[in-house]
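Asker: One file: upload-v9.txt (compact mmCIF, C-alpha atoms).
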```txt
# COMPACT_ATOMS: atom_id res chain seq x y z
CA MET A 1 -26.58 27.44 -21.87
CA ASP A 2 -24.51 26.14 -24.79
CA MET A 3 -21.64 28.45 -23.86
CA ALA A 4 -21.76 27.33 -20.21
CA LYS A 5 -21.73 23.65 -21.19
CA LYS A 6 -18.61 24.21 -23.30
CA SER A 7 -16.71 24.83 -20.05
CA LYS A 8 -16.64 21.04 -19.73
CA SER A 9 -15.76 18.41 -22.31
CA ASP A 10 -18.44 16.69 -24.38
CA SER A 11 -17.75 13.38 -22.63
CA THR A 12 -18.19 14.99 -19.19
CA ASN A 13 -21.48 16.62 -20.23
CA LYS A 14 -22.70 13.30 -21.59
CA LYS A 15 -21.80 11.55 -18.34
CA TYR A 16 -23.48 14.21 -16.18
CA ASP A 17 -26.65 14.05 -18.33
CA LEU A 18 -26.80 10.30 -17.80
CA TYR A 19 -26.42 10.44 -14.01
CA PHE A 20 -28.73 13.42 -13.52
CA ASN A 21 -31.46 11.63 -15.49
CA LYS A 22 -31.12 8.69 -13.09
CA PHE A 23 -31.48 11.11 -10.17
CA LYS A 24 -34.64 12.57 -11.77
CA ILE A 25 -36.18 9.12 -12.17
CA TRP A 26 -35.44 8.32 -8.52
CA CYS A 27 -36.97 11.62 -7.33
CA ARG A 28 -40.14 11.08 -9.38
CA LYS A 29 -40.51 7.62 -7.87
CA PHE A 30 -40.85 9.20 -4.42
CA ASN A 31 -42.55 12.44 -5.54
CA LEU A 32 -39.52 14.53 -4.62
CA LYS A 33 -38.37 17.73 -6.28
CA PHE A 34 -35.16 17.31 -8.29
CA LEU A 35 -34.48 20.87 -9.52
CA PRO A 36 -33.88 22.51 -7.19
CA ALA A 37 -33.44 19.52 -4.90
CA ASP A 38 -33.40 19.69 -1.12
CA VAL A 39 -30.27 18.81 0.83
CA SER A 40 -32.15 15.91 2.44
CA THR A 41 -33.18 14.56 -0.99
CA VAL A 42 -29.60 14.54 -2.27
CA SER A 43 -28.31 13.00 0.97
CA LEU A 44 -30.90 10.22 0.86
CA TYR A 45 -30.12 9.53 -2.81
CA LEU A 46 -26.39 9.26 -2.08
CA THR A 47 -27.16 6.99 0.87
CA GLU A 48 -29.15 4.62 -1.35
CA LEU A 49 -26.25 4.51 -3.84
CA ILE A 50 -23.83 3.69 -1.03
CA GLN A 51 -26.10 0.94 0.30
CA SER A 52 -26.29 -0.55 -3.20
CA ALA A 53 -22.47 -0.95 -3.06
CA CYS A 54 -21.77 1.18 -6.15
CA SER A 55 -18.20 2.17 -6.92
CA VAL A 56 -16.62 5.37 -5.60
CA SER A 57 -16.42 6.60 -9.19
CA VAL A 58 -20.18 6.21 -9.68
CA LEU A 59 -20.88 7.92 -6.34
CA ASN A 60 -18.70 10.88 -7.29
CA SER A 61 -20.24 11.12 -10.76
CA ASN A 62 -23.77 11.27 -9.33
CA PHE A 63 -22.80 13.91 -6.79
CA TYR A 64 -21.07 16.17 -9.31
CA ALA A 65 -23.82 15.71 -11.91
CA ILE A 66 -26.40 17.01 -9.42
CA LYS A 67 -24.05 19.83 -8.43
CA TRP A 68 -23.43 20.76 -12.09
CA TYR A 69 -27.12 20.97 -12.98
CA HIS A 70 -27.87 23.24 -10.04
CA GLU A 71 -24.98 25.51 -11.07
CA LEU A 72 -26.19 25.61 -14.69
CA PHE A 73 -29.71 26.69 -13.72
CA LEU A 74 -28.52 29.11 -11.00
CA TYR A 75 -30.36 27.29 -8.20
CA PRO A 76 -29.18 27.10 -4.56
CA ASN A 77 -26.82 24.13 -4.61
CA PRO A 78 -27.64 21.29 -2.18
CA CYS A 79 -24.23 19.74 -2.92
CA CYS A 80 -22.52 22.65 -1.21
CA SER A 81 -24.11 21.80 2.14
CA SER A 82 -22.14 20.20 4.97
CA LEU A 83 -24.55 17.25 5.19
CA SER A 84 -24.23 16.30 1.49
CA ASN A 85 -20.45 16.46 1.67
CA ILE A 86 -20.31 14.46 4.90
CA VAL A 87 -22.47 11.73 3.34
CA LEU A 88 -20.24 11.75 0.23
CA GLU A 89 -17.06 11.39 2.31
CA GLY A 90 -18.65 8.67 4.42
CA GLY A 91 -19.59 6.80 1.27
CA LYS A 92 -16.04 7.01 -0.06
CA ARG A 93 -14.74 5.40 3.14
CA ILE A 94 -17.36 2.66 3.11
CA LEU A 95 -16.88 1.83 -0.58
CA ALA A 96 -13.09 2.21 -0.62
CA LYS A 97 -11.14 -0.71 -2.07
CA PRO A 98 -7.39 -1.23 -2.42
CA ILE A 99 -6.08 0.21 -5.68
CA GLN A 100 -4.91 -2.58 -7.97
CA LYS A 101 -2.79 -0.95 -10.62
CA LYS A 102 -1.77 -2.83 -13.73
CA GLU A 103 1.85 -3.87 -14.02
CA PRO A 104 4.07 -1.83 -16.36
CA ILE A 105 5.27 -3.49 -19.55
CA THR A 106 9.07 -3.63 -19.54
CA ALA A 107 11.61 -3.37 -22.34
CA ASP A 108 12.34 -7.11 -21.88
CA ILE A 109 8.69 -7.94 -22.57
CA ILE A 110 8.73 -5.85 -25.73
CA VAL A 111 11.92 -7.59 -26.91
CA LYS A 112 10.26 -11.00 -26.35
CA LEU A 113 7.23 -9.89 -28.37
CA PHE A 114 9.47 -8.67 -31.20
CA ASN A 115 11.22 -12.05 -31.21
CA LEU A 116 7.92 -13.96 -31.26
CA TYR A 117 6.27 -11.84 -33.97
CA HIS A 118 9.45 -11.58 -36.02
CA ASP A 119 7.71 -11.96 -39.40
CA ILE A 120 7.29 -8.25 -40.05
CA SER A 121 6.13 -8.82 -43.63
CA ASN A 122 2.85 -9.77 -41.96
CA LEU A 123 0.78 -6.58 -41.51
CA SER A 124 -0.94 -7.88 -38.38
CA ASN A 125 2.41 -8.51 -36.66
CA CYS A 126 3.79 -5.23 -37.90
CA ARG A 127 0.82 -3.23 -36.60
CA LEU A 128 1.11 -4.87 -33.16
CA LEU A 129 4.84 -4.21 -32.83
CA CYS A 130 4.52 -0.64 -34.09
CA MET A 131 1.77 0.09 -31.55
CA LEU A 132 3.88 -1.42 -28.75
CA SER A 133 7.06 0.48 -29.52
CA LEU A 134 5.32 3.83 -30.16
CA ALA A 135 3.12 3.69 -27.04
CA TYR A 136 6.10 2.67 -24.90
CA ALA A 137 8.57 5.23 -26.31
CA GLY A 138 6.08 8.12 -26.51
CA PHE A 139 4.31 7.48 -23.17
CA PHE A 140 1.06 7.49 -25.19
CA ARG A 141 -2.36 6.94 -23.69
CA TYR A 142 -4.33 4.71 -26.04
CA LYS A 143 -6.67 7.52 -27.11
CA GLU A 144 -3.65 9.63 -28.14
CA LEU A 145 -2.12 6.68 -30.00
CA SER A 146 -5.32 5.74 -31.82
CA LEU A 147 -5.89 9.29 -33.12
CA ILE A 148 -2.48 9.65 -34.79
CA ARG A 149 -2.86 10.46 -38.51
CA MET A 150 -0.19 10.44 -41.18
CA SER A 151 -0.38 14.24 -41.32
CA ASP A 152 0.69 14.32 -37.65
CA ILE A 153 3.97 12.50 -38.34
CA SER A 154 7.21 14.18 -39.38
CA PHE A 155 10.34 12.06 -39.94
CA HIS A 156 13.83 13.52 -39.38
CA ASN A 157 17.34 12.07 -39.61
CA THR A 158 17.65 11.49 -35.88
CA HIS A 159 14.05 11.25 -34.71
CA VAL A 160 10.35 11.42 -35.48
CA GLU A 161 7.94 14.13 -34.32
CA ILE A 162 4.30 13.30 -33.67
CA ILE A 163 1.68 15.98 -33.03
CA VAL A 164 -0.83 15.11 -30.29
CA HIS A 165 -3.94 17.20 -30.93
CA ASN A 166 -6.15 15.75 -28.21
CA SER A 167 -4.83 14.84 -24.80
CA LYS A 168 -6.56 14.20 -21.48
CA THR A 169 -4.43 16.90 -19.85
CA ASP A 170 -4.67 19.39 -22.74
CA ILE A 171 -8.14 20.75 -21.91
CA TYR A 172 -7.79 23.77 -24.24
CA ARG A 173 -6.58 21.63 -27.18
CA GLN A 174 -3.38 23.60 -27.70
CA GLY A 175 -1.63 20.44 -28.86
CA SER A 176 1.84 19.14 -28.12
CA ILE A 177 4.68 17.48 -30.01
CA VAL A 178 6.15 14.15 -28.94
CA MET A 179 9.72 13.56 -30.10
CA ILE A 180 11.04 9.98 -30.30
CA ALA A 181 14.70 9.31 -31.05
CA SER A 182 16.04 6.78 -33.54
CA THR A 183 18.16 4.02 -31.98
CA ASP A 184 20.39 1.24 -33.27
CA MET A 185 18.21 -1.37 -31.57
CA PRO A 186 16.15 -3.92 -33.54
CA THR A 187 13.13 -2.54 -31.65
CA CYS A 188 13.74 1.07 -32.75
CA PRO A 189 10.29 2.73 -32.80
CA VAL A 190 11.24 5.20 -35.56
CA LYS A 191 12.59 2.54 -37.92
CA PHE A 192 9.59 0.35 -37.22
CA LEU A 193 7.11 3.16 -37.78
CA LYS A 194 8.65 3.83 -41.22
CA HIS A 195 8.46 0.13 -42.08
CA TYR A 196 4.84 -0.09 -40.94
CA CYS A 197 3.80 2.98 -42.96
CA ASN A 198 5.39 1.50 -46.10
CA LEU A 199 3.90 -1.95 -45.54
CA ALA A 200 0.43 -0.51 -44.91
CA SER A 201 0.72 1.81 -47.95
CA LEU A 202 -0.03 4.87 -45.83
CA LYS A 203 0.33 8.14 -47.69
CA ILE A 204 2.50 10.91 -46.27
CA ASN A 205 0.58 13.98 -45.02
CA SER A 206 -2.78 12.27 -45.54
CA SER A 207 -5.62 12.35 -43.01
CA GLU A 208 -5.49 8.56 -42.64
CA TYR A 209 -5.42 7.12 -39.12
CA ILE A 210 -2.36 4.90 -38.95
CA PHE A 211 -3.89 2.23 -36.68
CA ARG A 212 -7.09 0.80 -38.17
CA CYS A 213 -8.81 -2.55 -38.52
CA LEU A 214 -7.41 -5.08 -41.01
CA GLN A 215 -9.24 -6.75 -43.87
CA SER A 216 -8.30 -9.65 -46.15
CA LYS A 217 -7.72 -9.17 -49.85
CA LYS A 218 -6.45 -11.95 -52.11
CA ASP A 219 -4.79 -13.88 -49.27
CA THR A 220 -3.10 -10.74 -47.93
CA LEU A 221 -3.98 -8.25 -45.22
CA GLU A 222 -4.49 -4.53 -45.68
CA LEU A 223 -5.80 -1.66 -43.60
CA SER A 224 -9.54 -1.09 -43.75
CA LYS A 225 -10.63 1.52 -46.29
CA LEU A 226 -12.89 2.96 -43.60
CA ASN A 227 -10.80 5.72 -42.03
CA LYS A 228 -11.74 4.89 -38.44
CA PRO A 229 -9.28 4.34 -35.54
CA LEU A 230 -8.84 0.88 -34.08
CA SER A 231 -11.14 0.63 -31.06
CA TYR A 232 -9.84 0.47 -27.49
CA THR A 233 -11.50 -2.91 -26.98
CA ARG A 234 -9.90 -4.51 -30.06
CA ALA A 235 -6.48 -3.01 -29.32
CA ARG A 236 -6.66 -4.37 -25.78
CA GLU A 237 -7.60 -7.83 -27.06
CA ILE A 238 -4.63 -7.81 -29.45
CA LEU A 239 -2.20 -6.79 -26.71
CA LEU A 240 -3.45 -9.31 -24.14
CA GLU A 241 -3.39 -12.16 -26.68
CA ALA A 242 0.25 -11.31 -27.43
CA LEU A 243 1.17 -11.23 -23.73
CA CYS A 244 -0.49 -14.61 -23.18
CA ALA A 245 1.55 -15.98 -26.10
CA ILE A 246 4.79 -15.30 -24.18
CA GLY A 247 3.41 -16.83 -20.97
CA LEU A 248 2.33 -13.73 -19.03
CA ASP A 249 -0.84 -13.37 -16.97
CA LYS A 250 -3.06 -11.02 -18.99
CA LYS A 251 -4.96 -9.97 -15.84
CA GLN A 252 -1.90 -8.04 -14.70
CA PHE A 253 -1.67 -5.82 -17.79
CA GLY A 254 -3.64 -3.36 -19.89
CA LEU A 255 -3.04 -0.82 -22.65
CA HIS A 256 -1.97 1.71 -20.03
CA SER A 257 0.84 -0.69 -19.06
CA LEU A 258 2.75 0.58 -22.11
CA ARG A 259 2.62 4.20 -20.93
CA SER A 260 3.53 3.28 -17.36
CA GLY A 261 6.25 0.93 -18.62
CA GLY A 262 8.00 3.62 -20.63
CA ALA A 263 7.64 6.10 -17.78
CA THR A 264 9.03 3.61 -15.24
CA GLN A 265 12.05 2.82 -17.39
CA ALA A 266 12.80 6.51 -17.94
CA ALA A 267 12.47 7.37 -14.23
CA ASN A 268 14.68 4.48 -13.10
CA ASN A 269 17.32 5.48 -15.66
CA GLY A 270 17.53 8.99 -14.22
CA VAL A 271 15.73 11.10 -16.85
CA SER A 272 15.23 14.60 -15.40
CA ASP A 273 11.82 15.35 -13.90
CA ARG A 274 11.22 18.30 -16.22
CA LEU A 275 11.85 16.35 -19.44
CA PHE A 276 10.01 13.34 -18.06
CA LYS A 277 6.93 15.48 -17.35
CA VAL A 278 7.02 17.22 -20.75
CA HIS A 279 7.43 13.96 -22.67
CA GLY A 280 4.49 12.34 -20.87
CA ARG A 281 2.28 15.45 -21.02
CA TRP A 282 1.57 15.46 -17.29
CA ARG A 283 0.17 18.55 -15.59
CA SER A 284 1.12 17.71 -12.00
CA GLU A 285 3.86 15.96 -10.07
CA ASN A 286 1.35 13.64 -8.37
CA ALA A 287 -0.07 12.46 -11.70
CA LYS A 288 3.42 11.84 -13.05
CA ASP A 289 4.64 9.94 -10.00
CA GLY A 290 1.59 7.67 -10.06
CA TYR A 291 2.86 6.05 -13.28
CA VAL A 292 6.28 5.04 -11.98
CA LYS A 293 7.09 1.75 -10.31
CA ASP A 294 10.50 2.27 -8.71
CA SER A 295 13.09 -0.47 -9.09
CA ILE A 296 14.28 -2.37 -6.00
CA ASP A 297 17.72 -0.71 -6.26
CA LYS A 298 16.11 2.75 -6.31
CA ARG A 299 14.00 1.98 -3.25
CA LEU A 300 16.92 0.44 -1.36
CA SER A 301 19.05 3.52 -2.12
CA VAL A 302 17.00 5.48 0.45
CA SER A 303 18.03 3.34 3.44
CA LYS A 304 21.56 2.89 2.03
CA ASN A 305 22.09 6.65 2.22
CA LEU A 306 21.00 7.19 5.83
CA GLY A 307 24.49 6.98 7.31
CA ILE A 308 24.00 3.86 9.45
```
In structure tokens, write the structure found in this file.

Answerer:
Amino acid sequence: MDMAKKSKSDSTNKKYDLYFNKFKIWCRKFNLKFLPADVSTVSLYLTELIQSACSVSVLNSNFYAIKWYHELFLYPNPCCSSLSNIVLEGGKRILAKPIQKKEPITADIIVKLFNLYHDISNLSNCRLLCMLSLAYAGFFRYKELSLIRMSDISFHNTHVEIIVHNSKTDIYRQGSIVMIASTDMPTCPVKFLKHYCNLASLKINSSEYIFRCLQSKKDTLELSKLNKPLSYTRAREILLEALCAIGLDKKQFGLHSLRSGGATQAANNGVSDRLFKVHGRWRSENAKDGYVKDSIDKRLSVSKNLGI
């Protein structure tokens, strides 16, 4: 059983446990068998979820949790029946809502933030700007960014290399290396990363996470002694507060806006698809293309090249 469960990530197993327990409680309420469950039982359960106006994500999670538990215990799988799948697809149509993607953060926005938080002797400002430039230049998801340790960073004359040990698309944890070039710009991510490491007194090759909470000490700020990454929630708050400070609507942005912003800029500037995909650690073309918001000129180029 332990070996079989390792075929999925710990977070997926935890999620499936949660949803299958809810299914068990529902079945017991109506004196229905949950393992193995009948096709009619699963279909009725999905129908109740749909009628409660749950999200498509929750509907899918419940369906696949039930399916997973039947596979684990080698029972006939009610989720493989035509009826269960028809109900699932019907629910997806009923619950479907327009996708509202967050806007990408542009280079201009980053420049404005650098100008506003120009006092880089302040550790709070420095941490913010370092997170912005690294996430943007490295196409980092926040989880990848938050788990960077000093031992993962290698500085070179022309660039910095950062090892990503855990990535959403790297299911076998083989790791990958993100390379970010030094530039002559005031917003250079490599130069700023060096400055941040010095200011925060981070030790080279140590196991310290580079982005952590801050604490006050004698009227100055320093990184928390607790070697724990800055949480997603706190990082998001910091970013949205900064965007509000330059007059932007925080509802339009999120932490993923940095990854999509860097990807959009690279795509519109003609970076090759192969390098673009490697740099962003995407497994498929569809996943990669979903991050890019084409510029007006790029979109107009299609009709301009039709010969009429």

Asker: Give me the residues within 6 Å of segment 126-133 of chain A as a list in words, counting all atoms listed in the file and dropping any in the same chain fewer than 3 places off.

Answerer: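 The filter keeps Ile120, Leu123, Tyr136, Ala137, Pro189 and Leu193 of chain A.
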
Asker: Could the residues in this selection be saved with C-alpha atoms as a PDB file, in the frame of the given file?

Answerer:
```pdb
ATOM      1  CA  ILE A 120       7.290  -8.250 -40.050  1.00  0.00           C
ATOM      2  CA  LEU A 123       0.780  -6.580 -41.510  1.00  0.00           C
ATOM      3  CA  TYR A 136       6.100   2.670 -24.900  1.00  0.00           C
ATOM      4  CA  ALA A 137       8.570   5.230 -26.310  1.00  0.00           C
ATOM      5  CA  PRO A 189      10.290   2.730 -32.800  1.00  0.00           C
ATOM      6  CA  LEU A 193       7.110   3.160 -37.780  1.00  0.00           C
TER       7      LEU A 193
END
```

Asker: When distances are computed from only C-alpha atoms, which of A:Ala135, A:Val190, A:Ser124, A:Glu161 shows the smallest separation from Leu214 of chain A?

Answerer: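 So, comparing all the options, the nearest one is A:Ser124.
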
Asker: Counting all atoms listed in the file, find residues at most 9 Å from (-20.5, 12.9, -12.0) (file frame) and give them as a compact mmCIF listing (two decimals) with C-alpha atoms, keeping the file's coordinate frame.

Answerer:
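The result, stored in part_25.txt:
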```
# COMPACT_ATOMS: atom_id res chain seq x y z
CA THR A 12 -18.19 14.99 -19.19
CA LYS A 15 -21.80 11.55 -18.34
CA TYR A 16 -23.48 14.21 -16.18
CA ASP A 17 -26.65 14.05 -18.33
CA LEU A 18 -26.80 10.30 -17.80
CA TYR A 19 -26.42 10.44 -14.01
CA PHE A 20 -28.73 13.42 -13.52
CA SER A 57 -16.42 6.60 -9.19
CA VAL A 58 -20.18 6.21 -9.68
CA LEU A 59 -20.88 7.92 -6.34
CA ASN A 60 -18.70 10.88 -7.29
CA SER A 61 -20.24 11.12 -10.76
CA ASN A 62 -23.77 11.27 -9.33
CA PHE A 63 -22.80 13.91 -6.79
CA TYR A 64 -21.07 16.17 -9.31
CA ALA A 65 -23.82 15.71 -11.91
CA ILE A 66 -26.40 17.01 -9.42
CA LYS A 67 -24.05 19.83 -8.43
CA TRP A 68 -23.43 20.76 -12.09
```

Asker: Contacts of Leu275 of chain A at 12 Å or less, counting only C-alpha atoms, minus same-chain residues fewer than 5 places along, as a list in words?

Answerer: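 Skipping anything fewer than 5 positions along the chain leaves Val178, Met179, Ala263, Ala266, Ala267, Gly270, Gly280, Arg281, Trp282 and Lys288 of chain A.
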
Asker: Next, write the just-selected residues to a file, as a PDB file, keeping the file's coordinate frame, keeping C-alpha atoms as the atom set.

Answerer:
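Result file is selection.pdb:
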```pdb
ATOM      1  CA  VAL A 178       6.150  14.150 -28.940  1.00  0.00           C
ATOM      2  CA  MET A 179       9.720  13.560 -30.100  1.00  0.00           C
ATOM      3  CA  ALA A 263       7.640   6.100 -17.780  1.00  0.00           C
ATOM      4  CA  ALA A 266      12.800   6.510 -17.940  1.00  0.00           C
ATOM      5  CA  ALA A 267      12.470   7.370 -14.230  1.00  0.00           C
ATOM      6  CA  GLY A 270      17.530   8.990 -14.220  1.00  0.00           C
ATOM      7  CA  GLY A 280       4.490  12.340 -20.870  1.00  0.00           C
ATOM      8  CA  ARG A 281       2.280  15.450 -21.020  1.00  0.00           C
ATOM      9  CA  TRP A 282       1.570  15.460 -17.290  1.00  0.00           C
ATOM     10  CA  LYS A 288       3.420  11.840 -13.050  1.00  0.00           C
TER      11      LYS A 288
END
```

Asker: For each of A:Asp273, A:Glu48, A:Asp119, A:Asp152, take the minimum atom-to-atom distance to Gly91 of chain A, counting only C-alpha atoms, then give the residue where this is smallest.

Answerer: A:Glu48

Asker: Residues within 12 Å of (-18.0, 11.5, 3.8), file coordinates, counting only C-alpha atoms: what are they? Give the list as a list in words.

Answerer: Ser43, Leu46, Thr47, Ile50, Val56, Leu59, Asn60, Phe63, Ser82, Leu83, Ser84, Asn85, Ile86, Val87, Leu88, Glu89, Gly90, Gly91, Lys92, Arg93, Ile94, Leu95 and Ala96 of chain A

Asker: What does the structure give for the distance between atom CA of Met1 of chain A and atom CA of Asn166 of chain A, in Å to one decimal?

Answerer: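 Taking atom CA of Met1 of chain A as the start and atom CA of Asn166 of chain A as the end point, the length is 24.4 Å.
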
Asker: Find, counting only C-alpha atoms, the residue in A:Ile210, A:Cys80, A:Leu35, A:Leu116 that gets nearest to Asn21 of chain A.

Answerer: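 Smallest separation from Asn21 of chain A among the options: A:Leu35.
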
Asker: Between atom CA of Arg234 of chain A and atom CA of Cys213 of chain A, what distance in Å does the model show, to one decimal?

Answerer: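 A separation of 8.8 Å between them.
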
Asker: Which value, in Å to one decimal, gives the distance between atom CA of Thr158 of chain A and atom CA of Leu134 of chain A?

Answerer: 15.6 Å

Asker: Choose the residue, out of A:Thr41, A:Ser224, A:Ser55, A:Thr233, that has the smallest atom-to-atom separation from Cys27 of chain A; count only C-alpha atoms.

Answerer: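 Closest residue, counting only C-alpha atoms: A:Thr41.
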
Asker: Which residues, written as a PyMOL selection string, have at least one atom at most 10 Å from Pro104 of chain A, with all atoms listed in the file counted and residues fewer than 3 positions away on the same chain left out?

Answerer: chain A and resi 101+107+109+136+252-265+291-293
